[in-house]
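Trainee: Sharing upload01.csv (CSV, C-alpha atoms) below.
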chain,number,residue,atom,x,y,z
A,26,MET,CA,149.1,56.7,26.6
A,27,GLN,CA,147.9,59.9,28.3
A,28,HIS,CA,144.8,61.6,27.0
A,29,ARG,CA,145.9,65.1,25.7
A,30,ILE,CA,143.8,68.0,26.9
A,31,VAL,CA,144.7,71.4,25.5
A,32,VAL,CA,143.1,74.6,26.9
A,33,LEU,CA,143.4,77.7,24.8
A,34,GLY,CA,143.3,80.9,26.8
A,35,ALA,CA,143.9,81.6,30.5
A,36,GLY,CA,141.2,84.1,31.2
A,37,TYR,CA,138.7,83.4,33.9
A,38,ALA,CA,137.0,80.6,32.0
A,39,GLY,CA,140.1,78.9,30.6
A,40,ALA,CA,142.1,79.1,33.8
A,41,ILE,CA,139.2,77.7,35.9
A,42,ALA,CA,138.6,74.9,33.4
A,43,ALA,CA,142.3,73.9,33.4
A,44,GLY,CA,142.4,73.9,37.2
A,45,ARG,CA,139.2,72.0,37.6
A,46,LEU,CA,140.3,69.3,35.1
A,47,ALA,CA,143.5,68.9,37.2
A,48,ARG,CA,141.3,68.3,40.3
A,49,ARG,CA,139.1,65.8,38.6
A,50,LEU,CA,141.6,63.6,36.7
A,51,ARG,CA,144.7,61.6,37.5
A,52,PRO,CA,147.9,63.0,36.1
A,53,GLU,CA,149.0,59.5,35.0
A,54,ASP,CA,146.1,59.4,32.7
A,55,VAL,CA,145.9,62.9,31.2
A,56,ALA,CA,148.3,65.6,30.0
A,57,ILE,CA,146.8,69.1,30.5
A,58,THR,CA,148.3,72.0,28.6
A,59,LEU,CA,147.2,75.6,29.1
A,60,VAL,CA,148.1,78.0,26.4
A,61,ASN,CA,148.1,81.8,26.9
A,62,ALA,CA,149.6,84.8,25.1
A,63,GLU,CA,150.6,86.6,28.3
A,64,PRO,CA,152.5,85.2,31.3
A,65,ASP,CA,150.1,86.7,33.8
A,66,PHE,CA,146.5,86.2,34.6
A,67,VAL,CA,144.6,89.4,33.8
A,68,GLU,CA,141.7,90.5,35.9
A,69,ARG,CA,139.6,91.8,33.1
A,70,VAL,CA,136.9,93.0,35.4
A,71,ARG,CA,139.4,95.5,36.8
A,72,LEU,CA,140.8,96.9,33.6
A,73,HIS,CA,138.9,100.2,34.1
A,74,GLN,CA,140.8,100.5,37.4
A,75,LEU,CA,144.2,99.9,35.7
A,76,ALA,CA,143.3,102.5,33.1
A,77,VAL,CA,143.0,105.3,35.7
A,78,GLY,CA,146.3,104.5,37.3
A,79,GLN,CA,145.5,102.0,40.0
A,80,SER,CA,147.9,99.1,40.5
A,81,LEU,CA,146.7,95.6,40.1
A,82,ARG,CA,148.3,92.7,41.9
A,83,PRO,CA,150.5,90.6,39.6
A,84,ARG,CA,149.3,87.1,39.2
A,85,PRO,CA,151.9,85.0,37.3
A,86,LEU,CA,150.3,82.0,35.7
A,87,ARG,CA,153.4,79.8,36.2
A,88,GLU,CA,153.1,80.4,40.0
A,89,MET,CA,149.4,79.8,40.0
A,90,PHE,CA,149.7,76.4,38.3
A,91,ALA,CA,152.9,75.2,39.9
A,92,GLY,CA,152.4,71.7,41.3
A,93,THR,CA,149.1,71.2,39.6
A,94,GLY,CA,150.3,69.0,36.8
A,95,VAL,CA,149.1,71.6,34.2
A,96,GLU,CA,151.8,72.5,31.7
A,97,LEU,CA,151.8,76.2,30.8
A,98,LYS,CA,152.8,77.4,27.3
A,99,ILE,CA,153.2,81.2,26.7
A,100,ALA,CA,152.3,81.4,23.1
A,101,GLN,CA,150.0,83.0,20.5
A,102,VAL,CA,147.4,80.8,19.0
A,103,THR,CA,147.5,81.3,15.3
A,104,GLY,CA,145.4,78.4,14.0
A,105,VAL,CA,143.2,75.5,15.0
A,106,ASP,CA,142.6,72.5,12.7
A,107,VAL,CA,139.7,70.6,14.2
A,108,GLU,CA,139.8,67.9,11.6
A,109,ARG,CA,143.5,67.0,12.3
A,110,ARG,CA,143.1,68.0,16.0
A,111,THR,CA,146.0,70.3,16.1
A,112,VAL,CA,146.7,73.8,17.2
A,113,THR,CA,149.3,76.1,15.7
A,114,LEU,CA,151.3,78.3,18.2
A,115,ALA,CA,153.7,81.1,17.7
A,116,ASP,CA,156.0,83.1,20.0
A,117,PRO,CA,153.9,86.1,21.1
A,118,ASN,CA,157.0,88.3,21.0
A,119,GLY,CA,157.9,87.3,17.5
A,120,THR,CA,161.5,86.1,18.4
A,121,GLY,CA,161.0,82.5,19.2
A,122,GLU,CA,163.3,82.8,22.3
A,123,SER,CA,160.6,83.7,24.8
A,124,GLY,CA,158.4,80.9,23.6
A,125,ARG,CA,161.0,78.3,24.1
A,126,LEU,CA,161.7,79.3,27.6
A,127,ALA,CA,158.0,79.5,28.5
A,128,ALA,CA,157.1,76.2,27.0
A,129,GLY,CA,159.6,74.3,29.2
A,130,ALA,CA,159.6,71.1,27.1
A,131,GLY,CA,160.0,71.4,23.4
A,132,GLU,CA,161.1,74.3,21.3
A,133,PHE,CA,159.3,76.4,18.7
A,134,THR,CA,160.6,75.6,15.2
A,135,GLY,CA,161.0,78.6,13.0
A,136,GLY,CA,158.9,80.7,15.5
A,137,SER,CA,156.0,78.2,15.5
A,138,GLU,CA,154.9,74.9,17.0
A,139,MET,CA,152.2,72.4,16.3
A,140,LEU,CA,150.4,71.1,19.3
A,141,ALA,CA,148.1,68.0,19.1
A,142,TYR,CA,145.1,67.3,21.3
A,143,ASP,CA,142.6,64.6,22.0
A,144,THR,CA,140.2,67.1,23.7
A,145,LEU,CA,140.3,70.9,23.1
A,146,VAL,CA,138.9,73.5,25.4
A,147,TYR,CA,138.6,76.7,23.4
A,148,ALA,CA,138.6,79.8,25.7
A,149,LEU,CA,140.2,82.5,23.6
A,150,GLY,CA,137.5,84.9,24.7
A,151,SER,CA,136.8,88.3,23.0
A,152,GLY,CA,138.3,91.6,22.3
A,153,PHE,CA,137.7,95.1,21.0
A,154,HIS,CA,134.7,95.5,18.7
A,155,ASP,CA,134.5,98.7,16.7
A,156,ARG,CA,131.0,97.8,15.3
A,157,GLY,CA,132.2,99.1,11.9
A,158,VAL,CA,132.0,102.7,13.0
A,159,PRO,CA,134.4,104.9,11.0
A,160,GLY,CA,137.3,106.1,13.1
A,161,ALA,CA,136.7,104.0,16.1
A,162,ALA,CA,139.7,101.7,15.6
A,163,GLU,CA,141.9,104.6,14.7
A,164,HIS,CA,140.9,107.2,17.4
A,165,ALA,CA,139.2,105.4,20.2
A,166,HIS,CA,140.8,103.8,23.3
A,167,GLN,CA,139.5,100.4,24.6
A,168,ILE,CA,139.8,98.4,27.8
A,169,ALA,CA,139.0,95.0,26.4
A,170,GLY,CA,142.5,93.9,27.2
A,171,ARG,CA,145.5,94.8,29.3
A,172,PRO,CA,147.5,96.5,26.4
A,173,GLY,CA,144.5,98.8,25.6
A,174,ALA,CA,144.0,99.7,29.3
A,175,LEU,CA,147.7,100.6,29.6
A,176,ARG,CA,147.5,102.8,26.5
A,177,LEU,CA,144.4,104.6,27.9
A,178,ARG,CA,146.2,104.9,31.3
A,179,GLU,CA,149.1,106.7,29.6
A,180,ARG,CA,146.8,109.0,27.6
A,181,LEU,CA,144.7,110.0,30.7
A,182,ALA,CA,147.8,110.6,32.7
A,183,GLY,CA,148.9,113.1,30.1
A,184,LEU,CA,145.5,114.8,29.8
A,185,ALA,CA,145.5,118.3,31.3
A,186,ALA,CA,142.7,119.5,33.7
A,187,GLY,CA,139.6,120.4,31.8
A,188,GLY,CA,140.2,117.8,29.1
A,189,SER,CA,137.2,116.1,27.7
A,190,VAL,CA,136.6,112.3,27.9
A,191,VAL,CA,133.7,110.6,26.2
A,192,VAL,CA,132.8,107.0,27.0
A,193,VAL,CA,130.8,105.4,24.2
A,194,GLY,CA,128.5,102.7,25.3
A,195,GLY,CA,125.9,102.6,28.1
A,196,GLY,CA,126.3,99.0,29.2
A,197,LEU,CA,128.1,97.6,32.2
A,198,THR,CA,131.6,98.3,30.9
A,199,GLY,CA,130.8,101.8,29.9
A,200,VAL,CA,129.1,102.7,33.2
A,201,GLU,CA,132.1,101.3,35.1
A,202,ALA,CA,134.6,103.1,33.0
A,203,ALA,CA,132.9,106.5,33.1
A,204,THR,CA,132.4,106.4,36.9
A,205,GLU,CA,136.0,105.2,37.5
A,206,ILE,CA,137.5,108.0,35.3
A,207,ALA,CA,135.2,110.7,36.8
A,208,GLU,CA,136.1,109.7,40.4
A,209,ALA,CA,139.8,109.3,39.8
A,210,ARG,CA,140.0,112.5,37.7
A,211,PRO,CA,137.4,115.0,38.9
A,212,ASP,CA,139.4,117.7,37.0
A,213,LEU,CA,138.3,116.2,33.7
A,214,ASP,CA,135.0,116.7,31.8
A,215,VAL,CA,133.6,113.2,31.6
A,216,ALA,CA,130.6,112.3,29.4
A,217,LEU,CA,128.9,109.1,28.4
A,218,ALA,CA,127.1,108.5,25.1
A,219,ALA,CA,124.5,105.7,25.3
A,220,ARG,CA,122.4,104.4,22.4
A,221,GLY,CA,119.4,104.0,24.8
A,222,GLY,CA,118.5,105.5,28.1
A,223,LEU,CA,121.0,105.5,31.0
A,224,GLY,CA,120.6,102.2,32.9
A,225,ASP,CA,117.4,101.4,31.0
A,226,TRP,CA,118.0,97.7,31.8
A,227,LEU,CA,117.9,98.3,35.5
A,228,SER,CA,115.0,98.3,38.0
A,229,PRO,CA,113.6,101.7,38.9
A,230,ARG,CA,115.5,101.6,42.2
A,231,GLY,CA,118.8,100.7,40.4
A,232,GLY,CA,118.3,103.3,37.7
A,233,ARG,CA,117.7,106.1,40.3
A,234,HIS,CA,120.9,105.2,42.1
A,235,LEU,CA,122.9,105.1,38.9
A,236,ARG,CA,121.6,108.6,37.9
A,237,ASN,CA,122.3,109.9,41.4
A,238,VAL,CA,125.9,108.7,41.3
A,239,PHE,CA,126.4,110.1,37.8
A,240,GLY,CA,125.1,113.4,39.0
A,241,LYS,CA,127.4,113.5,42.1
A,242,LEU,CA,130.4,112.7,39.9
A,243,GLY,CA,129.5,115.4,37.3
A,244,ILE,CA,129.2,113.0,34.4
A,245,THR,CA,127.3,114.4,31.4
A,246,VAL,CA,125.0,111.8,29.9
A,247,HIS,CA,124.0,111.9,26.2
A,248,GLU,CA,121.1,109.5,26.0
A,249,HIS,CA,119.6,107.9,22.8
A,250,ALA,CA,122.8,109.1,21.1
A,251,THR,CA,124.1,106.6,18.5
A,252,VAL,CA,127.7,107.4,17.7
A,253,THR,CA,128.3,107.1,13.9
A,254,ALA,CA,131.9,108.3,13.7
A,255,VAL,CA,134.9,108.9,15.9
A,256,GLU,CA,137.3,111.7,15.1
A,257,ALA,CA,140.5,112.8,16.8
A,258,ASP,CA,138.8,115.4,18.9
A,259,ARG,CA,135.1,114.5,18.9
A,260,VAL,CA,132.5,111.9,18.3
A,261,VAL,CA,129.7,112.4,15.8
A,262,THR,CA,126.1,111.2,16.5
A,263,ALA,CA,123.4,110.0,14.2
A,264,ASP,CA,121.4,113.3,14.5
A,265,GLY,CA,124.3,115.2,13.0
A,266,GLY,CA,125.5,116.5,16.3
A,267,SER,CA,128.9,116.0,17.9
A,268,VAL,CA,130.5,115.8,21.4
A,269,PRO,CA,134.0,117.1,22.0
A,270,ALA,CA,136.4,114.3,23.0
A,271,ALA,CA,140.1,114.7,23.6
A,272,VAL,CA,139.9,111.1,24.6
A,273,THR,CA,137.3,108.6,23.4
A,274,VAL,CA,136.8,105.3,25.3
A,275,TRP,CA,135.0,102.7,23.2
A,276,THR,CA,132.9,100.2,25.2
A,277,THR,CA,130.1,99.1,22.9
A,278,GLY,CA,130.6,95.4,23.4
A,279,PHE,CA,133.1,92.7,22.5
A,280,ALA,CA,133.9,90.7,19.4
A,281,ALA,CA,134.7,87.0,19.7
A,282,HIS,CA,138.2,85.9,18.8
A,283,PRO,CA,138.3,85.4,15.0
A,284,ILE,CA,140.1,82.1,15.0
A,285,ALA,CA,136.9,80.0,15.6
A,286,ARG,CA,135.3,81.4,12.5
A,287,ALA,CA,138.3,80.4,10.4
A,288,THR,CA,137.8,76.7,11.5
A,289,ALA,CA,135.3,74.1,10.5
A,290,LEU,CA,133.5,74.5,13.8
A,291,GLU,CA,129.9,75.5,13.8
A,292,VAL,CA,129.7,79.1,14.9
A,293,GLY,CA,126.9,81.7,15.2
A,294,ASP,CA,126.5,85.0,13.5
A,295,THR,CA,128.9,86.6,15.9
A,296,GLY,CA,131.6,84.0,15.5
A,297,ARG,CA,131.0,82.2,18.8
A,298,ILE,CA,131.1,78.4,18.9
A,299,VAL,CA,127.7,76.8,19.1
A,300,VAL,CA,127.7,74.4,22.1
A,301,ASP,CA,125.3,72.1,23.9
A,302,ALA,CA,124.4,72.1,27.6
A,303,THR,CA,127.8,70.6,28.5
A,304,MET,CA,129.7,73.2,26.5
A,305,ARG,CA,130.6,70.7,23.9
A,306,SER,CA,130.7,71.8,20.2
A,307,ARG,CA,127.7,70.7,18.3
A,308,SER,CA,129.8,70.0,15.2
A,309,HIS,CA,133.0,68.6,16.7
A,310,PRO,CA,132.6,66.5,19.9
A,311,ASP,CA,136.3,66.7,20.8
A,312,VAL,CA,136.0,70.5,21.2
A,313,TYR,CA,134.5,72.3,24.1
A,314,ALA,CA,134.1,76.1,24.3
A,315,VAL,CA,133.7,78.3,27.3
A,316,GLY,CA,133.5,82.0,28.2
A,317,ASP,CA,133.0,84.6,25.6
A,318,ALA,CA,134.0,82.1,22.9
A,319,ALA,CA,130.9,80.0,23.4
A,320,LEU,CA,127.4,80.5,22.1
A,321,ALA,CA,125.5,78.8,25.0
A,322,THR,CA,121.8,78.8,25.7
A,323,GLY,CA,120.5,79.9,29.1
A,324,PRO,CA,117.1,80.0,30.7
A,325,GLY,CA,114.3,80.9,28.3
A,326,GLY,CA,116.4,79.9,25.3
A,327,LYS,CA,118.4,83.2,25.5
A,328,PRO,CA,122.1,83.1,24.6
A,329,LEU,CA,124.3,83.8,27.7
A,330,ARG,CA,125.9,87.2,27.5
A,331,MET,CA,129.7,87.7,27.4
A,332,SER,CA,130.7,88.1,31.0
A,333,CYS,CA,132.6,86.6,33.9
A,334,ALA,CA,129.2,85.7,35.4
A,335,SER,CA,128.6,83.4,32.4
A,336,GLY,CA,132.2,82.2,31.8
A,337,THR,CA,132.8,80.7,35.3
A,338,PRO,CA,129.8,78.3,35.4
A,339,MET,CA,130.6,77.4,31.7
A,340,ALA,CA,134.1,76.4,32.8
A,341,TRP,CA,132.7,74.3,35.6
A,342,GLN,CA,130.3,72.6,33.3
A,343,ALA,CA,132.8,71.9,30.6
A,344,ALA,CA,135.5,70.5,32.9
A,345,ASP,CA,133.1,68.3,34.8
A,346,ALA,CA,131.6,67.0,31.5
A,347,ILE,CA,135.0,66.2,30.1
A,348,ALA,CA,136.0,64.4,33.3
A,349,ALA,CA,132.7,62.5,33.3
A,350,ARG,CA,133.0,61.4,29.7
A,351,LEU,CA,136.6,60.3,30.2
A,352,THR,CA,136.0,58.4,33.4
A,353,GLY,CA,132.5,57.0,32.7
A,354,GLY,CA,130.9,59.2,35.3
A,355,LYS,CA,127.6,61.0,35.4
A,356,LEU,CA,127.3,64.1,33.2
A,357,PRO,CA,126.9,67.4,35.1
A,358,ASN,CA,123.6,69.3,35.0
A,359,LEU,CA,124.5,72.6,36.5
A,360,PRO,CA,121.8,75.2,35.7
A,361,LEU,CA,123.4,78.1,33.8
A,362,ARG,CA,121.5,81.1,35.2
A,363,TYR,CA,122.0,84.6,36.5
A,364,PHE,CA,121.5,85.9,40.0
A,365,ASN,CA,122.7,89.5,39.9
A,366,GLN,CA,124.7,92.1,38.0
A,367,CYS,CA,127.6,93.5,40.0
A,368,ILE,CA,128.5,97.1,39.0
A,369,SER,CA,131.3,99.2,40.4
A,370,LEU,CA,130.6,102.9,40.3
A,371,GLY,CA,134.1,104.1,41.3
A,372,ARG,CA,135.8,102.9,44.5
A,373,LYS,CA,133.2,104.2,46.9
A,374,GLU,CA,129.9,103.4,45.2
A,375,GLY,CA,128.4,100.3,43.7
A,376,LEU,CA,125.2,98.8,42.5
A,377,ILE,CA,124.1,95.1,42.8
A,378,GLN,CA,121.0,94.6,40.6
A,379,TYR,CA,119.2,91.4,41.3
A,380,VAL,CA,117.9,89.6,38.2
A,381,THR,CA,115.8,86.7,37.1
A,382,ALA,CA,117.4,83.5,35.9
A,383,ASP,CA,117.4,84.9,32.3
A,384,ASP,CA,119.0,88.2,33.4
A,385,ARG,CA,116.0,90.5,33.6
A,386,ALA,CA,116.0,93.1,36.4
A,387,VAL,CA,113.8,92.7,39.4
A,388,GLU,CA,113.0,95.5,41.8
A,389,ALA,CA,115.5,94.5,44.5
A,390,ALA,CA,118.9,96.2,44.3
A,391,LEU,CA,121.7,96.8,46.7
A,392,THR,CA,123.3,100.3,46.5
A,393,GLY,CA,125.9,102.5,48.0
A,394,ARG,CA,129.1,101.6,49.9
A,395,LEU,CA,127.8,98.2,50.8
A,396,ALA,CA,127.3,97.4,47.1
A,397,ALA,CA,130.8,98.5,46.4
A,398,VAL,CA,132.2,96.1,49.1
A,399,TYR,CA,130.0,93.3,47.7
A,400,LYS,CA,131.4,93.9,44.2
A,401,GLU,CA,135.0,94.0,45.5
A,402,LEU,CA,134.4,90.6,47.3
A,403,ILE,CA,133.1,89.1,44.0
A,404,CYS,CA,136.1,90.3,42.1
A,405,LYS,CA,138.5,89.0,44.8
A,406,GLY,CA,136.7,85.7,44.9
A,407,ALA,CA,136.9,85.2,41.2
A,408,ALA,CA,140.6,86.0,41.1
A,409,TRP,CA,141.2,83.7,44.2
A,410,ALA,CA,139.4,80.8,42.4
A,411,VAL,CA,141.7,81.2,39.4
A,412,ALA,CA,144.9,81.6,41.5
A,413,ASN,CA,144.1,78.6,43.7
A,414,PRO,CA,143.1,76.0,41.1
A,415,THR,CA,143.7,72.9,43.2
A,416,VAL,CA,142.3,74.0,46.6
A,417,GLY,CA,139.7,71.5,47.5
A,418,MET,CA,141.4,68.8,45.4
A,419,PRO,CA,139.8,65.4,46.1
A,420,THR,CA,141.9,62.8,47.8
A,421,ARG,CA,141.3,60.4,44.9
A,422,ARG,CA,141.0,61.6,41.3
A,423,ARG,CA,139.0,59.4,38.9
A,424,ARG,CA,140.8,57.2,36.4
A,425,VAL,CA,140.2,57.5,32.7
A,426,VAL,CA,138.5,54.5,31.2
A,427,PRO,CA,139.5,53.3,27.7
A,428,ARG,CA,137.4,54.4,24.9
A,429,PRO,CA,135.8,51.7,22.7
A,430,ALA,CA,137.5,51.1,19.4
A,431,GLU,CA,135.8,52.8,16.4
A,432,GLY,CA,132.9,50.8,15.3
A,433,ALA,CA,132.7,48.7,18.4
A,434,PRO,CA,129.5,48.8,20.5
A,435,PRO,CA,129.8,51.1,23.5
A,436,SER,CA,130.0,49.8,27.0
A,437,ALA,CA,127.4,50.5,29.6
A,438,ALA,CA,129.6,53.1,31.2
A,439,THR,CA,130.3,55.0,28.0
A,440,SER,CA,126.9,54.8,26.5
A,441,SER,CA,125.3,56.5,29.6
A,442,THR,CA,127.6,59.5,29.1
A,443,ALA,CA,127.6,59.8,25.3
A,444,ALA,CA,124.8,62.5,25.1
Show me, as structure tokens, the structure contained in the file I just sent.
Mentor:
Amino acid sequence: MQHRIVVLGAGYAGAIAAGRLARRLRPEDVAITLVNAEPDFVERVRLHQLAVGQSLRPRPLREMFAGTGVELKIAQVTGVDVERRTVTLADPNGTGESGRLAAGAGEFTGGSEMLAYDTLVYALGSGFHDRGVPGAAEHAHQIAGRPGALRLRERLAGLAAGGSVVVVGGGLTGVEAATEIAEARPDLDVALAARGGLGDWLSPRGGRHLRNVFGKLGITVHEHATVTAVEADRVVTADGGSVPAAVTVWTTGFAAHPIARATALEVGDTGRIVVDATMRSRSHPDVYAVGDAALATGPGGKPLRMSCASGTPMAWQAADAIAARLTGGKLPNLPLRYFNQCISLGRKEGLIQYVTADDRAVEAALTGRLAAVYKELICKGAAWAVANPTVGMPTRRRRVVPRPAEGAPPSAATSSTAA
């Protein structure tokens, strides 16, 4: 009987994990199912480009995983029962018809389907986080997902010259969004509201370059400005002031998908699944979590931040650990660390801030056009890795070894990989 592996979510982490598992394991031994709510892979790191009207290359998941042995189901995950080891799926369009066609084998019954697993890879990621700020959900735009980016795209396209845009959030997403909008629409009045100082996490060299680019693009910066409310035409700050905003873009971080918190899985305060060094759930050993869904510890005991830079090595680690445990192989020991922060500042400028293993800036930084090219290569490389999941497939995949019966003493092969 095949071992059933279900991967929830086909973002960077989920798609890479599914493809890597297909490379590591024999199709006769495992059935790998990848579940995603959209039929296309979304390059999340480029959604600020989509929002300003740029076209992104379509990447249909069905084409990407054709011939890999991975079964694709286009469906919305509505529940996970980790005790019964089942996932509840629903047609993302609410009609049932689309889901039946996408699933290939089997049909949704009454608009829903129950999918059983032996091993689950949870990669549902994260989404918009309003931080509880009044009016943010009602009045602000977000680029945490493709639908939000498209809505912002439509709003910006209809905004007349001289219109005001305020990006709330001074992190990587906010900086990239503000510079992209300002470069694409120099006729708009673009501002950024940051809780701290602009680029205060960067090295002095990186910070100087960031301020220089903001100045050239004419972006107004409101530093140490905590936004406490969002209204239809302005944002309100903690000091009682306000900033005019015909369009508000909310980039203050991401919230983990809520389904994990609704399960019996151990989660942290933010709803991310607590995992060990192999991305295995600490409470349920048949579940692995990767990407923004996982609360994993990096160098210095610090939690890894939500990012593609974290999600990709997490996916490698989880896939290799699953394969090792199923085949009696050696568990991976990939160090989960950071090397740099790649920041696009429009299409012509960039900033590569080199960092320590635990993500603290060092003095070295790459700036200007060369940094923009570097960032573009990183983005293309990440998308290529997802779109070519079986490139480099070994000539012989490893066979799954039988698990010992419950209560039986483990064999030498399985005992060495049980940690």
Trainee: Pick the closest to A:Val60 from A:Gln101, A:Thr111, A:Thr295, A:Ser267: which is it, counting all atoms listed in the file?
Mentor: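 Once distances to A:Val60 are computed over all atoms listed in the file, the minimum belongs to A:Gln101.
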Trainee: Do a neighbour search on A:Gly187 at 9 Å with all atoms listed in the file, toss out local chain neighbours closer than 2 positions, and write the hits as a short mmCIF file (atom, residue, chain, number, x, y, z; two decimals) with C-alpha atoms, keeping the file's coordinate frame.
Mentor:
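As written to disk, part.cif reads:
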data_model
loop_
_atom_site.label_atom_id
_atom_site.label_comp_id
_atom_site.auth_asym_id
_atom_site.auth_seq_id
_atom_site.Cartn_x
_atom_site.Cartn_y
_atom_site.Cartn_z
CA LEU A 184 145.50 114.80 29.80
CA ALA A 185 145.50 118.30 31.30
CA SER A 189 137.20 116.10 27.70
CA ASP A 212 139.40 117.70 37.00
CA LEU A 213 138.30 116.20 33.70
CA ASP A 214 135.00 116.70 31.80
#
Trainee: Could you give me, as JSON lines, every stretch 32-82 of chain A residue with an atom at most 10 Å from stretch 197-203 of chain A, plus its closest atom pair and distance in Å to one decimal, counting all atoms listed in the file, rows ordered by chain then number?
Mentor:
{"residue": "A:Val70", "atom": "CA", "partner": "A:Thr198", "partner_atom": "CA", "distance": 8.7}
{"residue": "A:Arg71", "atom": "CA", "partner": "A:Glu201", "partner_atom": "CA", "distance": 9.5}
{"residue": "A:Leu72", "atom": "CA", "partner": "A:Ala202", "partner_atom": "CA", "distance": 8.8}
{"residue": "A:His73", "atom": "CA", "partner": "A:Ala202", "partner_atom": "CA", "distance": 5.3}
{"residue": "A:Gln74", "atom": "CA", "partner": "A:Ala202", "partner_atom": "CA", "distance": 8.0}
{"residue": "A:Ala76", "atom": "CA", "partner": "A:Ala202", "partner_atom": "CA", "distance": 8.7}
{"residue": "A:Val77", "atom": "CA", "partner": "A:Ala202", "partner_atom": "CA", "distance": 9.1}
Trainee: Between atom CA of A:Asn365 and atom CA of A:Gln378, what is the spacing in Å?
Mentor: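 So the two atoms, atom CA of A:Gln378 and atom CA of A:Asn365, lie 5.4 Å apart.
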Trainee: Please measure the separation of atom CA of A:Arg330 and atom CA of A:Gln342, giving the value in Å to one decimal.
Mentor: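 Between atom CA of A:Arg330 and atom CA of A:Gln342 the gap is 16.3 Å.
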Trainee: Tell me, in Å to one decimal, how far atom CA of A:Val268 is from atom CA of A:Gly188.
Mentor: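 For atom CA of A:Val268 relative to atom CA of A:Gly188, the distance reads 12.5 Å.
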Trainee: List as a tab-separated table (two decimals) with C-alpha atoms, keeping the file's coordinate frame the protein and nucleic acid residues near stretch 386-394 of chain A, meaning an atom at most 6 Å away when all atoms listed in the file are counted, but skip any in the same chain fewer than 4 places from it.
Mentor:
chain	number	residue	atom	x	y	z
A	227	LEU	CA	117.90	98.30	35.50
A	228	SER	CA	115.00	98.30	38.00
A	231	GLY	CA	118.80	100.70	40.40
A	373	LYS	CA	133.20	104.20	46.90
A	374	GLU	CA	129.90	103.40	45.20
A	375	GLY	CA	128.40	100.30	43.70
A	376	LEU	CA	125.20	98.80	42.50
A	377	ILE	CA	124.10	95.10	42.80
A	378	GLN	CA	121.00	94.60	40.60
A	379	TYR	CA	119.20	91.40	41.30
A	380	VAL	CA	117.90	89.60	38.20
Trainee: Counting all atoms listed in the file, which of A:Leu46, A:Ala348, A:Val102, A:Val158 gets nearest to A:Ala115?
Mentor: A:Val102
Trainee: Using all atoms listed in the file, can you tell me which of A:Thr277, A:Thr144, A:Asn118, A:Asn413 comes closest to A:Gln167?
Mentor: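 Closest residue, counting all atoms listed in the file: A:Thr277.
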Trainee: Near A:Ala257, within 10 Å and counting all atoms listed in the file, which residues show up once chain neighbours fewer than 3 positions away are dropped, as a list in words?
Mentor: Gly160, Ala161, Glu163, His164, Ala165, Val260, Pro269, Ala270, Ala271, Val272 and Thr273 of chain A
Trainee: Could you tell me which of A:Gly221, A:Gly44, A:Pro357, A:Gly196 comes closest to A:Leu97 if we count only C-alpha atoms?
Mentor: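 For A:Leu97, the nearest of the given residues is A:Gly44.
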Trainee: So, counting all atoms listed in the file, which residue among A:Cys333, A:Ala289, A:Val215, A:Leu351 is closest to A:Ser151?
Mentor: A:Cys333
Trainee: I need the residue nearest A:Leu149 from this list: A:Thr113, A:Thr276, A:Thr93, A:Asn61. Use all atoms listed in the file for the distance.
Mentor: A:Asn61
Trainee: A:Leu114: which residues within 7 Å, counting only C-alpha atoms, same-chain residues fewer than 2 positions away excluded, as a PyMOL selection string?
Mentor: chain A and resi 100-103+112+116+137-139
Trainee: So that I can see what lies close to A:Gly152, please list as number ranges by chain the residues with an atom at most 10 Å from it, counting all atoms listed in the file and leaving out residues fewer than 6 positions away in the same chain.
Mentor: A: 167-170, 278-283, 317
Trainee: Could stretch 267-274 of chain A be completed with N, CA and C atoms and returned as an mmCIF file, in the frame of the given file?
Mentor:
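To be explicit, this is the file written out as selection23.cif:
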data_model
loop_
_atom_site.group_PDB
_atom_site.id
_atom_site.type_symbol
_atom_site.label_atom_id
_atom_site.label_comp_id
_atom_site.auth_asym_id
_atom_site.auth_seq_id
_atom_site.Cartn_x
_atom_site.Cartn_y
_atom_site.Cartn_z
ATOM 1 N N SER A 267 127.630 116.555 17.507
ATOM 2 C CA SER A 267 128.900 116.000 17.900
ATOM 3 C C SER A 267 129.202 116.382 19.357
ATOM 4 N N VAL A 268 130.070 115.588 19.975
ATOM 5 C CA VAL A 268 130.500 115.800 21.400
ATOM 6 C C VAL A 268 131.971 115.900 21.411
ATOM 7 N N PRO A 269 132.521 116.994 21.971
ATOM 8 C CA PRO A 269 134.000 117.100 22.000
ATOM 9 C C PRO A 269 134.604 115.982 22.831
ATOM 10 N N ALA A 270 135.724 115.475 22.345
ATOM 11 C CA ALA A 270 136.400 114.300 23.000
ATOM 12 C C ALA A 270 137.870 114.371 22.745
ATOM 13 N N ALA A 271 138.625 114.867 23.732
ATOM 14 C CA ALA A 271 140.100 114.700 23.600
ATOM 15 C C ALA A 271 140.479 113.285 23.714
ATOM 16 N N VAL A 272 139.683 112.508 24.484
ATOM 17 C CA VAL A 272 139.900 111.100 24.600
ATOM 18 C C VAL A 272 138.527 110.388 24.454
ATOM 19 N N THR A 273 138.459 109.422 23.543
ATOM 20 C CA THR A 273 137.300 108.600 23.400
ATOM 21 C C THR A 273 137.541 107.207 23.879
ATOM 22 N N VAL A 274 136.656 106.683 24.735
ATOM 23 C CA VAL A 274 136.800 105.300 25.300
ATOM 24 C C VAL A 274 135.627 104.503 24.673
#
